[in-house]
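A.B. asks: Supplied structure: input-v6.csv, CSV, C-alpha atoms.
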chain,number,residue,atom,x,y,z
A,30,THR,CA,0.0,0.0,0.0
A,31,SER,CA,1.3,3.4,-0.9
A,32,VAL,CA,0.5,6.6,0.9
A,33,CYS,CA,1.1,9.9,-0.8
A,34,VAL,CA,1.6,13.2,1.0
A,35,ALA,CA,2.4,15.4,-2.1
A,36,SER,CA,-0.1,17.0,-4.3
A,37,VAL,CA,0.8,14.6,-7.2
A,38,CYS,CA,2.9,11.5,-7.0
A,39,SER,CA,3.5,8.3,-9.0
A,40,ALA,CA,4.4,4.8,-8.1
A,41,VAL,CA,6.6,2.8,-10.5
A,42,CYS,CA,6.9,-0.9,-10.2
A,43,THR,CA,9.5,-2.9,-12.2
A,44,VAL,CA,11.5,-6.1,-11.9
A,45,SER,CA,14.5,-6.0,-14.1
A,46,GLY,CA,17.6,-7.9,-14.9
A,47,ASP,CA,20.4,-8.0,-17.5
A,48,LEU,CA,19.5,-11.5,-18.6
A,49,LEU,CA,16.1,-13.3,-18.6
A,50,ILE,CA,14.5,-16.6,-19.8
A,51,THR,CA,12.5,-16.0,-23.0
A,52,ALA,CA,11.7,-19.5,-24.1
A,53,VAL,CA,11.8,-23.2,-22.9
A,54,TYR,CA,11.4,-26.0,-25.3
A,55,ASP,CA,11.0,-29.8,-25.3
A,56,GLY,CA,11.7,-31.1,-28.8
A,57,PRO,CA,10.1,-33.8,-30.9
A,58,LEU,CA,13.1,-35.5,-32.4
A,59,THR,CA,14.1,-39.1,-31.5
A,60,GLY,CA,14.8,-39.1,-27.7
A,61,GLY,CA,12.7,-36.0,-27.1
A,62,VAL,CA,15.4,-33.5,-28.2
A,63,PRO,CA,16.4,-30.8,-28.4
A,64,LYS,CA,15.6,-29.5,-24.9
A,65,GLY,CA,16.7,-26.2,-23.4
A,66,VAL,CA,16.1,-22.5,-23.1
A,67,GLU,CA,16.4,-19.3,-24.9
A,68,LEU,CA,17.8,-16.3,-23.0
A,69,TYR,CA,17.7,-12.6,-23.9
A,70,VAL,CA,20.4,-10.1,-23.0
A,71,VAL,CA,18.7,-6.9,-21.8
A,72,ASN,CA,21.9,-4.9,-21.1
A,73,ASP,CA,25.6,-5.5,-22.0
A,74,ILE,CA,27.0,-8.2,-19.8
A,75,PRO,CA,30.8,-8.0,-19.4
A,76,ASP,CA,31.2,-11.4,-17.7
A,77,LEU,CA,28.7,-14.2,-18.3
A,78,SER,CA,30.4,-16.4,-15.7
A,79,ASP,CA,28.3,-14.5,-13.1
A,80,TYR,CA,25.2,-16.3,-14.4
A,81,GLY,CA,24.0,-19.9,-14.4
A,82,LEU,CA,21.1,-22.2,-14.9
A,83,GLY,CA,19.5,-25.0,-13.0
A,84,SER,CA,16.5,-27.3,-13.5
A,85,ALA,CA,14.0,-28.3,-10.9
A,86,ASN,CA,12.8,-31.7,-11.9
A,87,ASN,CA,9.3,-33.1,-11.3
A,88,GLY,CA,8.4,-30.5,-8.7
A,89,GLY,CA,11.2,-31.6,-6.4
A,90,GLY,CA,12.4,-28.1,-5.6
A,91,THR,CA,15.6,-26.4,-6.6
A,92,ASP,CA,18.8,-28.3,-7.4
A,93,GLY,CA,20.8,-25.1,-7.3
A,94,GLU,CA,23.0,-23.8,-10.1
A,95,GLU,CA,23.9,-26.8,-12.3
A,96,PHE,CA,25.4,-25.0,-15.3
A,97,THR,CA,27.6,-21.9,-15.0
A,98,PHE,CA,28.4,-19.9,-18.1
A,99,PRO,CA,32.1,-19.7,-19.0
A,100,ALA,CA,33.8,-16.3,-18.9
A,101,GLY,CA,32.9,-14.1,-21.8
A,102,SER,CA,30.7,-11.1,-22.7
A,103,ALA,CA,27.2,-10.7,-24.1
A,104,THR,CA,25.8,-7.9,-26.1
A,105,ALA,CA,22.5,-6.2,-25.3
A,106,GLY,CA,19.7,-7.3,-27.7
A,107,SER,CA,21.3,-10.7,-28.4
A,108,PHE,CA,19.9,-14.2,-27.7
A,109,ILE,CA,21.7,-17.1,-26.0
A,110,TYR,CA,20.7,-20.7,-26.6
A,111,VAL,CA,21.5,-23.5,-24.1
A,112,THR,CA,20.5,-27.1,-25.0
A,113,ASN,CA,21.2,-30.7,-24.1
A,114,ASN,CA,21.9,-31.8,-27.7
A,115,GLU,CA,23.8,-29.6,-30.2
A,116,VAL,CA,23.1,-31.7,-33.2
A,117,ALA,CA,19.4,-32.0,-32.6
A,118,PHE,CA,19.2,-28.3,-31.9
A,119,TYR,CA,20.8,-27.6,-35.3
A,120,ASP,CA,18.6,-30.1,-37.1
A,121,TYR,CA,15.4,-28.6,-35.6
A,122,TYR,CA,16.2,-24.9,-35.5
A,123,GLY,CA,18.7,-24.6,-38.3
A,124,PHE,CA,21.6,-23.0,-36.4
A,125,TYR,CA,24.0,-24.0,-33.7
A,126,PRO,CA,23.4,-23.1,-30.0
A,127,GLU,CA,25.9,-21.2,-27.9
A,128,TYR,CA,26.1,-23.7,-25.1
A,129,VAL,CA,25.4,-27.4,-24.4
A,130,SER,CA,24.7,-28.7,-20.9
A,131,GLY,CA,23.3,-31.8,-19.4
A,132,ALA,CA,21.5,-29.5,-17.0
A,133,MET,CA,19.0,-28.9,-19.8
A,134,SER,CA,18.0,-32.5,-20.0
A,135,ILE,CA,14.6,-31.3,-19.0
A,136,ASN,CA,11.0,-32.6,-19.5
A,137,GLY,CA,7.9,-30.5,-20.1
A,138,ASP,CA,7.0,-30.6,-16.5
A,139,ASP,CA,10.3,-29.2,-15.1
A,140,ALA,CA,10.9,-25.7,-13.9
A,141,ILE,CA,14.1,-23.8,-14.8
A,142,GLU,CA,16.0,-21.2,-12.7
A,143,LEU,CA,18.3,-18.5,-13.9
A,144,PHE,CA,20.9,-17.4,-11.4
A,145,GLN,CA,23.2,-14.4,-10.9
A,146,SER,CA,25.9,-14.5,-8.3
A,147,GLY,CA,24.1,-17.6,-6.8
A,148,THR,CA,20.8,-15.8,-6.5
A,149,VAL,CA,17.7,-16.6,-8.6
A,150,ILE,CA,16.8,-13.7,-10.8
A,151,ASP,CA,14.3,-15.4,-13.1
A,152,VAL,CA,12.3,-18.7,-13.1
A,153,TYR,CA,10.1,-20.5,-15.5
A,154,GLY,CA,7.5,-22.6,-13.8
A,155,ASP,CA,7.0,-23.5,-10.1
A,156,ILE,CA,10.1,-25.4,-8.7
A,157,ASN,CA,7.9,-27.1,-6.1
A,158,VAL,CA,5.2,-28.3,-8.5
A,159,ASP,CA,5.2,-31.0,-11.2
A,160,GLY,CA,4.2,-29.2,-14.3
A,161,ASN,CA,2.1,-32.0,-15.7
A,162,GLY,CA,-1.4,-30.6,-16.3
A,163,GLU,CA,-0.3,-27.1,-15.2
A,164,PRO,CA,-0.8,-24.0,-17.4
A,165,TRP,CA,2.9,-23.8,-17.9
A,166,GLU,CA,3.4,-27.4,-19.0
A,167,TYR,CA,5.5,-27.6,-22.2
A,168,LEU,CA,5.7,-31.4,-22.8
A,169,ASP,CA,6.6,-32.0,-26.5
A,170,GLY,CA,6.1,-28.3,-27.0
A,171,TRP,CA,7.3,-24.8,-26.0
A,172,ALA,CA,6.6,-21.6,-24.1
A,173,TYR,CA,7.6,-18.1,-25.1
A,174,ARG,CA,7.8,-14.9,-23.1
A,175,VAL,CA,5.4,-12.1,-23.8
A,176,ASP,CA,7.1,-9.0,-25.1
A,177,GLY,CA,7.8,-6.4,-22.5
A,178,THR,CA,7.7,-8.7,-19.5
A,179,THR,CA,10.8,-8.8,-17.4
A,180,ALA,CA,12.8,-11.1,-15.1
A,181,ASN,CA,10.5,-12.1,-12.2
A,182,GLY,CA,13.0,-12.4,-9.3
A,183,GLY,CA,12.0,-16.1,-8.8
A,184,VAL,CA,8.2,-15.6,-8.6
A,185,PHE,CA,6.6,-17.1,-11.7
A,186,SER,CA,3.5,-15.8,-13.4
A,187,ASP,CA,2.0,-17.9,-16.2
A,188,LEU,CA,0.6,-14.7,-17.8
A,189,ASP,CA,4.2,-13.8,-18.8
A,190,PHE,CA,4.3,-16.5,-21.4
A,191,THR,CA,2.4,-17.9,-24.3
A,192,TYR,CA,2.2,-21.7,-24.7
A,193,SER,CA,2.1,-24.3,-27.5
A,194,GLY,CA,0.2,-26.7,-25.3
A,195,ALA,CA,1.3,-30.3,-24.6
A,196,ASN,CA,2.2,-32.5,-27.6
A,197,ALA,CA,2.0,-29.6,-30.0
A,198,VAL,CA,5.2,-30.5,-31.9
A,199,ASP,CA,4.7,-34.2,-32.1
A,200,GLY,CA,5.8,-35.5,-35.5
A,201,CYS,CA,7.6,-32.3,-36.5
A,202,SER,CA,11.0,-32.5,-38.0
A,203,THR,CA,11.9,-28.7,-38.0
A,204,ASN,CA,10.5,-25.7,-36.2
A,205,ALA,CA,10.0,-23.8,-39.4
A,206,LYS,CA,7.8,-26.5,-40.9
A,207,CYS,CA,5.9,-27.4,-37.7
A,208,SER,CA,2.2,-26.6,-37.3
A,209,SER,CA,3.2,-25.1,-34.0
A,210,VAL,CA,6.2,-22.8,-34.7
A,211,MET,CA,8.0,-21.5,-31.7
A,212,PRO,CA,8.7,-17.8,-32.4
A,213,ILE,CA,12.4,-18.2,-31.7
A,214,GLY,CA,14.5,-15.1,-31.4
A,215,THR,CA,11.5,-12.7,-31.5
A,216,TYR,CA,11.2,-11.4,-27.9
A,217,SER,CA,11.2,-7.6,-27.6
A,218,PRO,CA,11.8,-5.8,-24.3
A,219,GLY,CA,9.3,-3.1,-25.4
A,220,GLY,CA,5.7,-3.5,-24.4
A,221,GLY,CA,3.9,-1.4,-21.8
A,222,GLY,CA,7.0,-0.7,-19.7
A,223,PRO,CA,6.6,0.1,-16.0
A,224,ASN,CA,3.1,0.7,-14.5
A,225,VAL,CA,2.8,4.4,-13.6
A,226,ILE,CA,0.0,5.5,-11.4
A,227,VAL,CA,-0.8,9.2,-10.8
A,228,VAL,CA,-2.4,10.0,-7.5
A,229,GLU,CA,-4.3,13.3,-7.2
A,230,GLN,CA,-4.7,15.1,-3.9
A,231,MET,CA,-7.8,17.1,-3.3
A,232,GLY,CA,-7.8,18.5,0.2
A,233,TYR,CA,-7.4,15.6,2.6
A,234,ASN,CA,-8.5,13.1,-0.1
A,235,PHE,CA,-6.5,11.1,-2.5
A,236,VAL,CA,-7.7,9.6,-5.8
A,237,PRO,CA,-7.2,6.7,-5.8
A,238,ASP,CA,-6.9,6.5,-2.1
A,239,VAL,CA,-5.3,3.0,-2.1
A,240,ILE,CA,-2.7,1.5,-4.4
A,241,ASP,CA,-1.8,-2.2,-4.2
A,242,VAL,CA,1.8,-2.7,-5.4
Represent the structure contained in this file as structure tokens.
C.D. replies:
Amino acid sequence: TSVCVASVCSAVCTVSGDLLITAVYDGPLTGGVPKGVELYVVNDIPDLSDYGLGSANNGGGTDGEEFTFPAGSATAGSFIYVTNNEVAFYDYYGFYPEYVSGAMSINGDDAIELFQSGTVIDVYGDINVDGNGEPWEYLDGWAYRVDGTTANGGVFSDLDFTYSGANAVDGCSTNAKCSSVMPIGTYSPGGGGPNVIVVEQMGYNFVPDVIDV
């Protein structure tokens, strides 16, 4: 709740980060590959080794940081792909990923955590819930972040993503020719931006008189 004492004030709410999860995918090729994530670089990152990923399998809670990026920089506006199978990723998406890690041997009911300096800055799914049957399930499918939504600080909202639905990519050989195309590499940090609320003071009254942040 925000209380204003000036004649006009504004409340601005944002959750931000230099790196965020923009997609998760569970591929249809033999063995259920490729699996992994797409990340978006919001601002220039001088040292990626400050960041890492972890998967929370079957609602079993966090396993901590299971993959740490090697030293290197990343440029604002670029995408980073991490997968469990480089060849399958190339076969399905048509280009090579930046990183390969067994930590991305995920299923469509597994949550994924993004860490910075050991702290969760973004999460996909609920680490304490098996995603089977949940709105965020991506079994044999994918989920893609809504433009303008930002890193969530470890508190997931299923409204921040769009979903293919379970089994949407079954039988597909490439993303481009699939009936359910993941919009890979299309996230935009634009959108509505921060929510700004103007509160007017009229005598001893405020309009609105209560703001839930």
A.B. asks: Nearest to Ala105 of chain A: which of A:Pro212, A:Pro218, A:Gly154, A:Gly162 is it, counting all atoms listed in the file?
C.D. replies: A:Pro218
A.B. asks: Just give me the gap between atom CA of Val53 of chain A and atom CA of Pro75 of chain A in Å, one decimal is fine.
C.D. replies: 24.6 Å
A.B. asks: Mind giving me the straight-line distance from atom CA of Met211 of chain A to atom CA of Ala172 of chain A in Å, one decimal?
C.D. replies: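 Result for atom CA of Met211 of chain A versus atom CA of Ala172 of chain A: 7.7 Å, one decimal.
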A.B. asks: Do you know which residues are at most 10 Å from segment 196-201 of chain A counting only C-alpha atoms, after dropping those on the same chain fewer than 3 positions away, and could you put them as an MDAnalysis selection string?
C.D. replies: chainID A and resid 55:59 61 121 137 167:171 192:193 204:211
A.B. asks: Point out the residue among A:Gly106, A:Gly93, A:Gly194, A:Pro237 with the least atom-to-atom distance to Gly160 of chain A, counting all atoms listed in the file.
C.D. replies: A:Gly194
A.B. asks: Residues within 12 Å of Ile109 of chain A, please, as a PDB file with C-alpha atoms, keeping the file's coordinate frame. Count all atoms listed in the file; anything in the same chain fewer than 2 positions from it doesn't count.
C.D. replies:
ATOM      1  CA  LEU A  48      19.500 -11.500 -18.600  1.00  0.00           C
ATOM      2  CA  LEU A  49      16.100 -13.300 -18.600  1.00  0.00           C
ATOM      3  CA  ILE A  50      14.500 -16.600 -19.800  1.00  0.00           C
ATOM      4  CA  THR A  51      12.500 -16.000 -23.000  1.00  0.00           C
ATOM      5  CA  ALA A  52      11.700 -19.500 -24.100  1.00  0.00           C
ATOM      6  CA  GLY A  65      16.700 -26.200 -23.400  1.00  0.00           C
ATOM      7  CA  VAL A  66      16.100 -22.500 -23.100  1.00  0.00           C
ATOM      8  CA  GLU A  67      16.400 -19.300 -24.900  1.00  0.00           C
ATOM      9  CA  LEU A  68      17.800 -16.300 -23.000  1.00  0.00           C
ATOM     10  CA  TYR A  69      17.700 -12.600 -23.900  1.00  0.00           C
ATOM     11  CA  VAL A  70      20.400 -10.100 -23.000  1.00  0.00           C
ATOM     12  CA  VAL A  71      18.700  -6.900 -21.800  1.00  0.00           C
ATOM     13  CA  LEU A  77      28.700 -14.200 -18.300  1.00  0.00           C
ATOM     14  CA  PHE A  98      28.400 -19.900 -18.100  1.00  0.00           C
ATOM     15  CA  SER A 102      30.700 -11.100 -22.700  1.00  0.00           C
ATOM     16  CA  ALA A 103      27.200 -10.700 -24.100  1.00  0.00           C
ATOM     17  CA  THR A 104      25.800  -7.900 -26.100  1.00  0.00           C
ATOM     18  CA  ALA A 105      22.500  -6.200 -25.300  1.00  0.00           C
ATOM     19  CA  GLY A 106      19.700  -7.300 -27.700  1.00  0.00           C
ATOM     20  CA  SER A 107      21.300 -10.700 -28.400  1.00  0.00           C
ATOM     21  CA  VAL A 111      21.500 -23.500 -24.100  1.00  0.00           C
ATOM     22  CA  THR A 112      20.500 -27.100 -25.000  1.00  0.00           C
ATOM     23  CA  PHE A 124      21.600 -23.000 -36.400  1.00  0.00           C
ATOM     24  CA  TYR A 125      24.000 -24.000 -33.700  1.00  0.00           C
ATOM     25  CA  PRO A 126      23.400 -23.100 -30.000  1.00  0.00           C
ATOM     26  CA  GLU A 127      25.900 -21.200 -27.900  1.00  0.00           C
ATOM     27  CA  TYR A 128      26.100 -23.700 -25.100  1.00  0.00           C
ATOM     28  CA  VAL A 129      25.400 -27.400 -24.400  1.00  0.00           C
ATOM     29  CA  ILE A 213      12.400 -18.200 -31.700  1.00  0.00           C
ATOM     30  CA  GLY A 214      14.500 -15.100 -31.400  1.00  0.00           C
TER      31      GLY A 214
END
